[in-house]
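Asks: So that you have it, the file is structure-v6.cif, and it contains mmCIF, C-alpha atoms:
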```
data_data
#
loop_
_atom_site.label_atom_id
_atom_site.label_comp_id
_atom_site.auth_asym_id
_atom_site.auth_seq_id
_atom_site.Cartn_x
_atom_site.Cartn_y
_atom_site.Cartn_z
CA MET U 1 0.00 0.00 0.00
CA GLY U 2 3.09 2.25 0.27
CA SER U 3 3.15 3.50 -3.34
CA GLY U 4 -0.64 3.58 -3.45
CA TYR U 5 -0.75 5.74 -0.33
CA LEU U 6 1.85 8.14 -1.76
CA ILE U 7 -0.28 8.59 -4.87
CA LEU U 8 -3.42 9.12 -2.79
CA ALA U 9 -1.64 11.51 -0.41
CA GLY U 10 -0.28 13.47 -3.36
CA ALA U 11 -3.74 13.71 -4.89
CA ILE U 12 -5.25 14.91 -1.61
CA MET U 13 -2.48 17.48 -1.13
CA LEU U 14 -3.06 18.78 -4.65
CA PHE U 15 -6.81 18.93 -4.12
CA SER U 16 -6.27 20.70 -0.78
CA TRP U 17 -4.05 23.29 -2.44
CA LEU U 18 -6.58 23.86 -5.23
CA VAL U 19 -9.45 24.25 -2.76
CA SER U 20 -7.44 26.64 -0.55
CA SER U 21 -6.43 28.73 -3.55
CA LYS U 22 -9.99 28.81 -4.82
CA LEU U 23 -11.26 29.80 -1.37
CA LYS U 24 -8.78 32.67 -1.14
CA ASN U 25 -9.78 33.90 -4.59
CA LYS U 26 -13.48 33.67 -3.70
CA PHE U 27 -13.08 35.66 -0.49
CA ASP U 28 -10.91 38.26 -2.23
CA HIS U 29 -13.59 38.60 -4.91
CA TYR U 30 -16.55 38.83 -2.53
CA SER U 31 -14.66 41.23 -0.28
CA LYS U 32 -15.09 43.72 -3.11
CA LEU U 33 -18.88 43.15 -3.21
CA HIS U 34 -20.03 45.84 -0.78
CA LEU U 35 -23.36 45.44 1.00
CA GLN U 36 -26.20 47.73 0.03
CA ASN U 37 -27.40 47.76 3.65
CA GLY U 38 -24.01 49.14 4.76
CA MET U 39 -23.72 46.77 7.75
CA SER U 40 -20.36 45.57 9.04
CA GLY U 41 -19.59 41.98 9.92
CA ALA U 42 -19.93 42.87 13.62
CA GLU U 43 -23.36 44.40 13.05
CA ILE U 44 -24.49 41.38 11.04
CA ALA U 45 -23.35 39.07 13.85
CA LYS U 46 -25.06 41.05 16.60
CA LYS U 47 -28.33 41.16 14.69
CA MET U 48 -28.29 37.42 13.94
CA LEU U 49 -27.71 36.64 17.61
CA ALA U 50 -30.53 38.97 18.68
CA ASP U 51 -32.92 37.56 16.08
CA ASN U 52 -32.27 34.09 17.51
CA GLY U 53 -32.89 35.27 21.07
CA ILE U 54 -29.23 34.97 22.08
CA TYR U 55 -28.14 37.78 24.39
CA ASP U 56 -25.36 36.15 26.42
CA VAL U 57 -22.85 35.89 23.55
CA GLN U 58 -20.34 38.68 22.87
CA VAL U 59 -19.08 39.62 19.42
CA ILE U 60 -15.42 40.63 19.63
CA SER U 61 -12.60 41.48 17.24
CA VAL U 62 -9.43 39.36 17.20
CA ALA U 63 -6.13 39.91 15.45
CA GLY U 64 -5.02 38.03 12.35
CA GLN U 65 -6.56 36.59 9.22
CA LEU U 66 -8.83 33.53 9.12
CA THR U 67 -8.96 33.65 12.93
CA ASP U 68 -12.76 33.75 12.99
CA HIS U 69 -14.32 31.24 15.39
CA TYR U 70 -16.99 30.70 18.01
CA ASN U 71 -15.80 29.87 21.53
CA PRO U 72 -18.46 27.91 23.43
CA VAL U 73 -16.50 28.10 26.68
CA ASN U 74 -16.73 31.86 27.13
CA LYS U 75 -19.57 32.35 24.63
CA THR U 76 -17.84 34.71 22.23
CA VAL U 77 -18.10 35.12 18.48
CA ASN U 78 -14.54 36.02 17.52
CA LEU U 79 -14.22 37.83 14.20
CA SER U 80 -10.95 38.76 12.53
CA GLU U 81 -10.40 42.50 12.22
CA ALA U 82 -11.30 42.54 8.53
CA VAL U 83 -14.54 40.62 9.02
CA TYR U 84 -15.47 42.63 12.11
CA ASN U 85 -15.09 46.00 10.41
CA GLN U 86 -15.72 45.45 6.71
CA ARG U 87 -19.08 45.76 4.97
CA ASN U 88 -19.06 43.22 2.16
CA ALA U 89 -20.53 39.85 1.21
CA ALA U 90 -17.49 37.88 2.43
CA ALA U 91 -17.59 39.53 5.87
CA ALA U 92 -21.34 38.95 6.12
CA ALA U 93 -20.91 35.27 5.24
CA VAL U 94 -18.19 34.66 7.83
CA ALA U 95 -19.94 36.62 10.58
CA ALA U 96 -23.24 34.82 10.04
CA HIS U 97 -21.48 31.44 9.86
CA GLU U 98 -19.76 31.93 13.22
CA CYS U 99 -23.09 33.00 14.71
CA GLY U 100 -24.49 29.78 13.27
CA HIS U 101 -22.24 27.98 15.75
CA ALA U 102 -23.60 30.13 18.56
CA VAL U 103 -27.13 29.13 17.54
CA GLN U 104 -26.06 25.48 17.50
CA HIS U 105 -24.75 25.89 21.05
CA ALA U 106 -27.94 27.58 22.20
CA VAL U 107 -30.20 24.84 20.84
CA GLY U 108 -27.94 21.96 21.91
CA TYR U 109 -27.02 20.78 18.42
CA GLU U 110 -25.80 17.22 18.99
CA TRP U 111 -22.84 17.26 16.60
CA LEU U 112 -21.43 20.43 18.18
CA THR U 113 -21.87 18.88 21.63
CA MET U 114 -19.99 15.78 20.49
CA ARG U 115 -17.18 17.83 18.97
CA SER U 116 -16.82 19.91 22.14
CA LYS U 117 -16.49 16.74 24.21
CA LEU U 118 -13.72 15.51 21.91
CA VAL U 119 -11.66 18.72 22.12
CA PRO U 120 -9.72 17.99 25.37
CA PHE U 121 -8.76 14.48 24.24
CA VAL U 122 -7.83 15.65 20.74
CA ASN U 123 -5.64 18.43 22.16
CA VAL U 124 -3.66 15.89 24.18
CA ALA U 125 -3.56 13.39 21.31
CA SER U 126 -2.26 16.01 18.87
CA THR U 127 0.60 16.91 21.20
CA TYR U 128 2.10 13.42 21.46
CA MET U 129 0.61 11.52 18.53
CA GLN U 130 3.33 12.06 15.90
CA TRP U 131 6.13 11.04 18.27
CA ILE U 132 4.25 7.92 19.35
CA LEU U 133 3.52 6.96 15.73
CA LEU U 134 7.16 7.48 14.75
CA GLY U 135 8.37 5.44 17.72
CA GLY U 136 5.78 2.78 16.97
CA ILE U 137 6.98 2.40 13.38
CA LEU U 138 10.63 2.21 14.46
CA MET U 139 9.79 -0.34 17.20
CA LEU U 140 7.14 -2.25 15.25
CA LYS U 141 8.91 -5.60 15.49
CA THR U 142 9.76 -5.35 19.18
CA PHE U 143 6.85 -3.33 20.58
CA PRO U 144 3.88 -3.29 18.14
CA GLY U 145 1.55 -2.06 20.87
CA LEU U 146 3.13 1.40 20.71
CA LEU U 147 2.08 1.85 17.09
CA LEU U 148 -1.39 0.55 17.91
CA PHE U 149 -1.65 3.16 20.67
CA GLY U 150 -0.58 5.85 18.21
CA ILE U 151 -3.23 4.64 15.77
CA VAL U 152 -5.90 4.97 18.46
CA LEU U 153 -4.79 8.55 19.12
CA PHE U 154 -4.81 9.35 15.40
CA ALA U 155 -8.25 7.75 15.06
CA ALA U 156 -9.53 10.23 17.66
CA THR U 157 -8.29 13.17 15.60
CA THR U 158 -9.81 11.61 12.48
CA LEU U 159 -13.13 11.22 14.25
CA PHE U 160 -12.89 14.90 15.22
CA SER U 161 -12.40 15.84 11.56
CA ILE U 162 -15.42 13.77 10.54
CA VAL U 163 -17.64 15.19 13.30
CA THR U 164 -16.56 18.68 12.26
CA LEU U 165 -18.18 18.25 8.83
CA PRO U 166 -21.86 18.32 9.88
CA VAL U 167 -21.05 21.09 12.40
CA GLU U 168 -19.60 23.34 9.71
CA TYR U 169 -22.17 22.56 7.02
CA ASP U 170 -25.03 23.09 9.45
CA ALA U 171 -23.61 26.43 10.64
CA SER U 172 -23.45 27.63 7.04
CA HIS U 173 -27.00 26.42 6.42
CA ARG U 174 -28.26 28.35 9.45
CA ALA U 175 -26.33 31.44 8.37
CA LEU U 176 -27.65 31.44 4.81
CA ALA U 177 -31.21 30.71 5.93
CA TRP U 178 -31.15 33.67 8.31
CA LEU U 179 -29.58 35.99 5.74
CA GLU U 180 -32.30 35.05 3.27
CA ASN U 181 -35.28 35.03 5.65
CA LYS U 182 -34.38 38.42 7.11
CA ARG U 183 -33.57 39.81 3.64
CA MET U 184 -30.20 41.00 4.87
CA LEU U 185 -28.61 40.75 1.43
CA ASN U 186 -29.74 41.30 -2.14
CA GLN U 187 -29.63 38.37 -4.54
CA GLN U 188 -26.10 39.02 -5.81
CA GLU U 189 -24.75 39.45 -2.28
CA HIS U 190 -26.54 36.31 -1.06
CA ASP U 191 -25.20 34.26 -3.97
CA GLY U 192 -21.70 35.51 -3.14
CA ALA U 193 -22.04 34.61 0.54
CA LYS U 194 -23.34 31.16 -0.38
CA ASP U 195 -20.48 30.55 -2.81
CA ALA U 196 -17.86 31.66 -0.28
CA LEU U 197 -19.22 29.39 2.44
CA LYS U 198 -19.44 26.47 0.01
CA TRP U 199 -15.71 26.67 -0.68
CA ALA U 200 -14.90 27.17 3.00
CA ALA U 201 -16.78 23.95 3.83
CA ARG U 202 -14.77 22.06 1.22
CA THR U 203 -11.55 22.74 3.14
CA TYR U 204 -12.98 20.73 6.05
CA LEU U 205 -13.97 17.94 3.66
CA VAL U 206 -10.45 17.72 2.25
CA ALA U 207 -8.99 17.68 5.76
CA ALA U 208 -11.28 14.81 6.77
CA LEU U 209 -10.42 12.79 3.66
CA GLY U 210 -6.71 13.34 4.23
CA SER U 211 -7.01 12.24 7.85
CA ILE U 212 -8.91 9.08 6.87
CA ALA U 213 -6.31 8.21 4.22
CA THR U 214 -3.45 8.71 6.67
CA LEU U 215 -5.19 6.61 9.32
CA LEU U 216 -5.60 3.76 6.83
CA TYR U 217 -1.92 4.06 5.96
CA TYR U 218 -0.84 3.60 9.59
CA VAL U 219 -3.27 0.70 9.97
CA SER U 220 -1.73 -0.97 6.92
CA ILE U 221 1.76 -0.61 8.43
CA TYR U 222 0.57 -2.18 11.67
CA MET U 223 -1.23 -5.01 9.87
CA GLY U 224 1.81 -5.64 7.68
CA GLY U 225 4.06 -5.89 10.72
CA SER U 226 1.63 -8.24 12.42
CA ARG U 227 1.49 -10.56 9.41
CA ARG U 228 5.29 -10.75 9.23
CA ASP U 229 5.34 -11.83 12.86
#
```
Output the structure of this file as structure tokens.

Replies:
Amino acid sequence: MGSGYLILAGAIMLFSWLVSSKLKNKFDHYSKLHLQNGMSGAEIAKKMLADNGIYDVQVISVAGQLTDHYNPVNKTVNLSEAVYNQRNAAAAAVAAHECGHAVQHAVGYEWLTMRSKLVPFVNVASTYMQWILLGGILMLKTFPGLLLFGIVLFAATTLFSIVTLPVEYDASHRALAWLENKRMLNQQEHDGAKDALKWAARTYLVAALGSIATLLYYVSIYMGGSRRD
């Protein structure tokens, strides 16, 4: 499976690069599509939260690019400076998407709850996993259990990637539904927001596929070592 995995890994890396490049181009393009309503990303976020009856979540600005996220621990919608301040279709899409996660939290969306429960374990697994996998491969003949332990840790991160998919797609669905139902955007702006979120979601899909492929690769190494024994 070695050569087959290299081909698959190369294909996934290429696809990931293409999706990331396309996403950047889409957001650059829709950042130039200014909203007729003149609302900033922060204003969009605050209105979406209020319209969903959520008043205990803060909308704050954070430094950096692509740093937008919802933090369920301290209930904050964190928007990058550009998204927080700008008044375009890309900013509206990102702001509404992150508020989609806040709505998920408020209604107890099961996939978000599951992902949140996985976070502490995945954080620990990610810290030590690569070293354990490397040691497991080097010691496969003498101590195969180490590689198996590494595979279990990697499987947890793969599960996290898979669980992330419905969380992200659902947040985008909630965002677009609200933008449409409240007539926040005109048709061109809404189409732009929808297109931007579609490409953003595909980055999570590529990440999940890459994680699954890598997990299968480590399993094949372990199984190959077991058969030789």

Asks: Could you write out as number ranges by chain the residues that the PyMOL selection byres ((chain U and resi 203-212) around 10) matches in the shown file?

Replies: U: 8-13, 15-20, 23, 154-155, 157-166, 168-169, 198-202, 213-217

Asks: Export C-alpha atoms of the chosen residues as a PDB file, keeping the file's coordinate frame?

Replies:
```pdb
ATOM      1  CA  LEU U   8      -3.420   9.120  -2.790  1.00  0.00           C
ATOM      2  CA  ALA U   9      -1.640  11.510  -0.410  1.00  0.00           C
ATOM      3  CA  GLY U  10      -0.280  13.470  -3.360  1.00  0.00           C
ATOM      4  CA  ALA U  11      -3.740  13.710  -4.890  1.00  0.00           C
ATOM      5  CA  ILE U  12      -5.250  14.910  -1.610  1.00  0.00           C
ATOM      6  CA  MET U  13      -2.480  17.480  -1.130  1.00  0.00           C
ATOM      7  CA  PHE U  15      -6.810  18.930  -4.120  1.00  0.00           C
ATOM      8  CA  SER U  16      -6.270  20.700  -0.780  1.00  0.00           C
ATOM      9  CA  TRP U  17      -4.050  23.290  -2.440  1.00  0.00           C
ATOM     10  CA  LEU U  18      -6.580  23.860  -5.230  1.00  0.00           C
ATOM     11  CA  VAL U  19      -9.450  24.250  -2.760  1.00  0.00           C
ATOM     12  CA  SER U  20      -7.440  26.640  -0.550  1.00  0.00           C
ATOM     13  CA  LEU U  23     -11.260  29.800  -1.370  1.00  0.00           C
ATOM     14  CA  PHE U 154      -4.810   9.350  15.400  1.00  0.00           C
ATOM     15  CA  ALA U 155      -8.250   7.750  15.060  1.00  0.00           C
ATOM     16  CA  THR U 157      -8.290  13.170  15.600  1.00  0.00           C
ATOM     17  CA  THR U 158      -9.810  11.610  12.480  1.00  0.00           C
ATOM     18  CA  LEU U 159     -13.130  11.220  14.250  1.00  0.00           C
ATOM     19  CA  PHE U 160     -12.890  14.900  15.220  1.00  0.00           C
ATOM     20  CA  SER U 161     -12.400  15.840  11.560  1.00  0.00           C
ATOM     21  CA  ILE U 162     -15.420  13.770  10.540  1.00  0.00           C
ATOM     22  CA  VAL U 163     -17.640  15.190  13.300  1.00  0.00           C
ATOM     23  CA  THR U 164     -16.560  18.680  12.260  1.00  0.00           C
ATOM     24  CA  LEU U 165     -18.180  18.250   8.830  1.00  0.00           C
ATOM     25  CA  PRO U 166     -21.860  18.320   9.880  1.00  0.00           C
ATOM     26  CA  GLU U 168     -19.600  23.340   9.710  1.00  0.00           C
ATOM     27  CA  TYR U 169     -22.170  22.560   7.020  1.00  0.00           C
ATOM     28  CA  LYS U 198     -19.440  26.470   0.010  1.00  0.00           C
ATOM     29  CA  TRP U 199     -15.710  26.670  -0.680  1.00  0.00           C
ATOM     30  CA  ALA U 200     -14.900  27.170   3.000  1.00  0.00           C
ATOM     31  CA  ALA U 201     -16.780  23.950   3.830  1.00  0.00           C
ATOM     32  CA  ARG U 202     -14.770  22.060   1.220  1.00  0.00           C
ATOM     33  CA  ALA U 213      -6.310   8.210   4.220  1.00  0.00           C
ATOM     34  CA  THR U 214      -3.450   8.710   6.670  1.00  0.00           C
ATOM     35  CA  LEU U 215      -5.190   6.610   9.320  1.00  0.00           C
ATOM     36  CA  LEU U 216      -5.600   3.760   6.830  1.00  0.00           C
ATOM     37  CA  TYR U 217      -1.920   4.060   5.960  1.00  0.00           C
TER      38      TYR U 217
END
```

Asks: Spell out the residues picked by the PyMOL selection byres ((chain U and resi 122) around 10) here, as a count of residues only.

Replies: 20

Asks: Between atom CA of U:Ala42 and atom CA of U:Lys22, measure the distance and give it in Å to one decimal.

Replies: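 Atom CA of U:Ala42 sits 25.2 Å away from atom CA of U:Lys22.
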
Asks: Could you tell me, as a PDB file with C-alpha atoms, in the frame of the given file, exactly which residues end up selected when the PyMOL selection byres ((chain U and resi 73) around 12) is applied to this structure?

Replies:
```pdb
ATOM      1  CA  ASP U  56     -25.360  36.150  26.420  1.00  0.00           C
ATOM      2  CA  VAL U  57     -22.850  35.890  23.550  1.00  0.00           C
ATOM      3  CA  GLN U  58     -20.340  38.680  22.870  1.00  0.00           C
ATOM      4  CA  HIS U  69     -14.320  31.240  15.390  1.00  0.00           C
ATOM      5  CA  TYR U  70     -16.990  30.700  18.010  1.00  0.00           C
ATOM      6  CA  ASN U  71     -15.800  29.870  21.530  1.00  0.00           C
ATOM      7  CA  PRO U  72     -18.460  27.910  23.430  1.00  0.00           C
ATOM      8  CA  ASN U  74     -16.730  31.860  27.130  1.00  0.00           C
ATOM      9  CA  LYS U  75     -19.570  32.350  24.630  1.00  0.00           C
ATOM     10  CA  THR U  76     -17.840  34.710  22.230  1.00  0.00           C
ATOM     11  CA  VAL U  77     -18.100  35.120  18.480  1.00  0.00           C
ATOM     12  CA  ALA U 102     -23.600  30.130  18.560  1.00  0.00           C
ATOM     13  CA  HIS U 105     -24.750  25.890  21.050  1.00  0.00           C
ATOM     14  CA  THR U 113     -21.870  18.880  21.630  1.00  0.00           C
ATOM     15  CA  SER U 116     -16.820  19.910  22.140  1.00  0.00           C
ATOM     16  CA  LYS U 117     -16.490  16.740  24.210  1.00  0.00           C
ATOM     17  CA  VAL U 119     -11.660  18.720  22.120  1.00  0.00           C
TER      18      VAL U 119
END
```

Asks: Could you work out how far atom CA of U:Ala89 lies from atom CA of U:Ala193, giving the answer in Å with one decimal?

Replies: 5.5 Å

Asks: Ranking U:Asp28, U:Glu98, U:Glu43, U:Glu110 by minimum distance to U:Leu176 and counting all atoms listed in the file, which one comes first?

Replies: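 Ranked by minimum distance to U:Leu176, first place goes to U:Glu98.
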
Asks: List the neighbours of U:Ser31 out to 7 Å using all atoms listed in the file; skip same-chain residues closer than 2 positions along the sequence, and give me the result as a list in words.

Replies: Phe27, Asp28, His29, Leu33, Asn88, Ala89 and Ala90 of chain U

Asks: Suppose you want the space between atom CA of U:Ala63 and atom CA of U:Leu79; what is it in Å?

Replies: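 Value for the atom CA of U:Ala63-atom CA of U:Leu79 distance: 8.4 Å.
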
Asks: From the set U:Ala96, U:Glu189, U:Ala177, U:Leu35, which residue has the shortest atom-to-atom contact distance to U:Lys47, counting all atoms listed in the file?

Replies: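 Smallest separation from U:Lys47 among the options: U:Ala96.
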
Asks: Find the residues around U:Gly225 up to 8 Å (all atoms listed in the file counted), leave out those fewer than 5 positions away in its own chain, and share them as a PyMOL selection string.

Replies: chain U and resi 140-141+144
